[in-house]
Amino acid sequence: MKPSRRAKRMARNHKRNQKKASLNLVSLMDIFTIMVFFLMMNQSDVEVMANDSIKLPESTADTQPQNTINLLVNNQDIIVQGRAIAKVQDVLASQTDDDVIVSLEKELIYLASRRNATELEAEIGRPITIMGDHGIPYQLLKKIMATCQKTEFTQISLAVKQSAGEQNVPANKGA
């Protein structure tokens, strides 16, 4: 018996649609790569505060740094959150009466306006971390801290490199 036209058409369609489905792994790998980079860039647990342009002073402090606004001071620039704010030479050369760095003051006021202060911050002041090279002049550090205080960033932390010296040694060990 001869197959009908319908039976032939169905046989052709079955033969044509018999290919196995495949998965394109290139697109899938691209998506996973993008996800990995996105997650790496947006994690907030650990913040690396290292910089090759400064050498931090050493200390036996064992308190871990908080995630705050970072102010970096090296031999050339004052940098807030990765943005150069002022030149160290210009700040040291300026002879102002109130020891305030105007460009730093403007930047800190701007950063404070971007986020409302919590009740604790309103009471005791906003936190800031100063990463200063161990060789910066005290006069510069004094001006930076005065500017921070004027803009209500009074919880000042100084970043240090932990040394391998004695830790947790009591100040007065029984006499």
# chains A, B, ... in the order shown; residues from 1 in each chain; ligands from 1

$ select_by_dssp --residues "range 15-147 of chain A" --states "helix (DSSP H, G or I)" --output "PyMOL selection string"
chain A and resi 15-16+25-42+88-93+102-114+119-124+138-147

$ closest_residue --among "A:Met29, A:Ile34, A:Leu158, A:Ala117" --to "Asp133 in chain A" --atoms "only C-alpha atoms"
A:Leu158

$ residues_around --residues "Asp98 in chain A" --least-positions-apart "2" --cutoff "12 Å" --atoms "only C-alpha atoms" --output "PyMOL selection string"
chain A and resi 94-96+100-102+142-144+146-147+150

$ write_last_selection --atoms "N, CA and C atoms" --output "JSON list (two decimals), in the first residue's frame"
[["chain", "number", "residue", "atom", "x", "y", "z"],
["A", 94, "SER", "N", 49.20, 78.10, 52.46],
["A", 94, "SER", "CA", 48.15, 79.06, 52.80],
["A", 94, "SER", "C", 48.27, 79.47, 54.26],
["A", 95, "GLN", "N", 48.09, 80.75, 54.50],
["A", 95, "GLN", "CA", 48.19, 81.29, 55.85],
["A", 95, "GLN", "C", 46.80, 81.79, 56.28],
["A", 96, "THR", "N", 45.93, 80.87, 56.69],
["A", 96, "THR", "CA", 44.61, 81.26, 57.15],
["A", 96, "THR", "C", 44.60, 81.27, 58.67],
["A", 100, "VAL", "N", 41.39, 76.06, 58.47],
["A", 100, "VAL", "CA", 40.40, 75.26, 57.77],
["A", 100, "VAL", "C", 40.78, 75.19, 56.30],
["A", 101, "ILE", "N", 40.72, 73.99, 55.73],
["A", 101, "ILE", "CA", 40.99, 73.78, 54.31],
["A", 101, "ILE", "C", 39.65, 73.92, 53.59],
["A", 102, "VAL", "N", 39.48, 74.99, 52.82],
["A", 102, "VAL", "CA", 38.19, 75.34, 52.24],
["A", 102, "VAL", "C", 37.67, 74.26, 51.30],
["A", 142, "LYS", "N", 46.87, 68.67, 61.55],
["A", 142, "LYS", "CA", 46.09, 69.54, 62.43],
["A", 142, "LYS", "C", 45.01, 70.29, 61.64],
["A", 143, "LYS", "N", 45.37, 70.81, 60.46],
["A", 143, "LYS", "CA", 44.40, 71.51, 59.61],
["A", 143, "LYS", "C", 43.31, 70.58, 59.13],
["A", 144, "ILE", "N", 43.69, 69.37, 58.75],
["A", 144, "ILE", "CA", 42.71, 68.39, 58.27],
["A", 144, "ILE", "C", 41.73, 68.04, 59.38],
["A", 146, "ALA", "N", 40.98, 69.83, 62.05],
["A", 146, "ALA", "CA", 40.17, 71.00, 62.37],
["A", 146, "ALA", "C", 39.03, 71.16, 61.36],
["A", 147, "THR", "N", 39.34, 70.89, 60.09],
["A", 147, "THR", "CA", 38.31, 70.97, 59.05],
["A", 147, "THR", "C", 37.25, 69.89, 59.26],
["A", 150, "LYS", "N", 35.00, 70.95, 62.11],
["A", 150, "LYS", "CA", 34.09, 72.04, 61.75],
["A", 150, "LYS", "C", 32.91, 71.54, 60.95]]

$ atom_distance --atom1 "CA of His134 in chain A" --atom2 "CA of Leu92 in chain A"
16.5 Å

$ select_by_dssp --residues "range 3-134 of chain A" --states "strand (DSSP E)" --output "VMD selection string"
chain A and resid 58 to 59 69 to 73 77 to 80 83 to 87 127 to 132

$ atom_distance --atom1 "CA of Asn116 in chain A" --atom2 "CA of Ile79 in chain A"
22.5 Å

$ atom_distance --atom1 "CA of Leu104 in chain A" --atom2 "CA of Thr151 in chain A"
9.5 Å

$ closest_residue --among "A:Val88, A:Leu72, A:Leu28, A:Met41" --to "Leu140 in chain A" --atoms "only C-alpha atoms"
A:Val88

$ residues_around --residues "Ile69 in chain A" --least-positions-apart "5" --cutoff "8 Å" --atoms "only C-alpha atoms" --output "JSON, numbers by chain"
{"A": [80, 81, 127, 128, 129]}
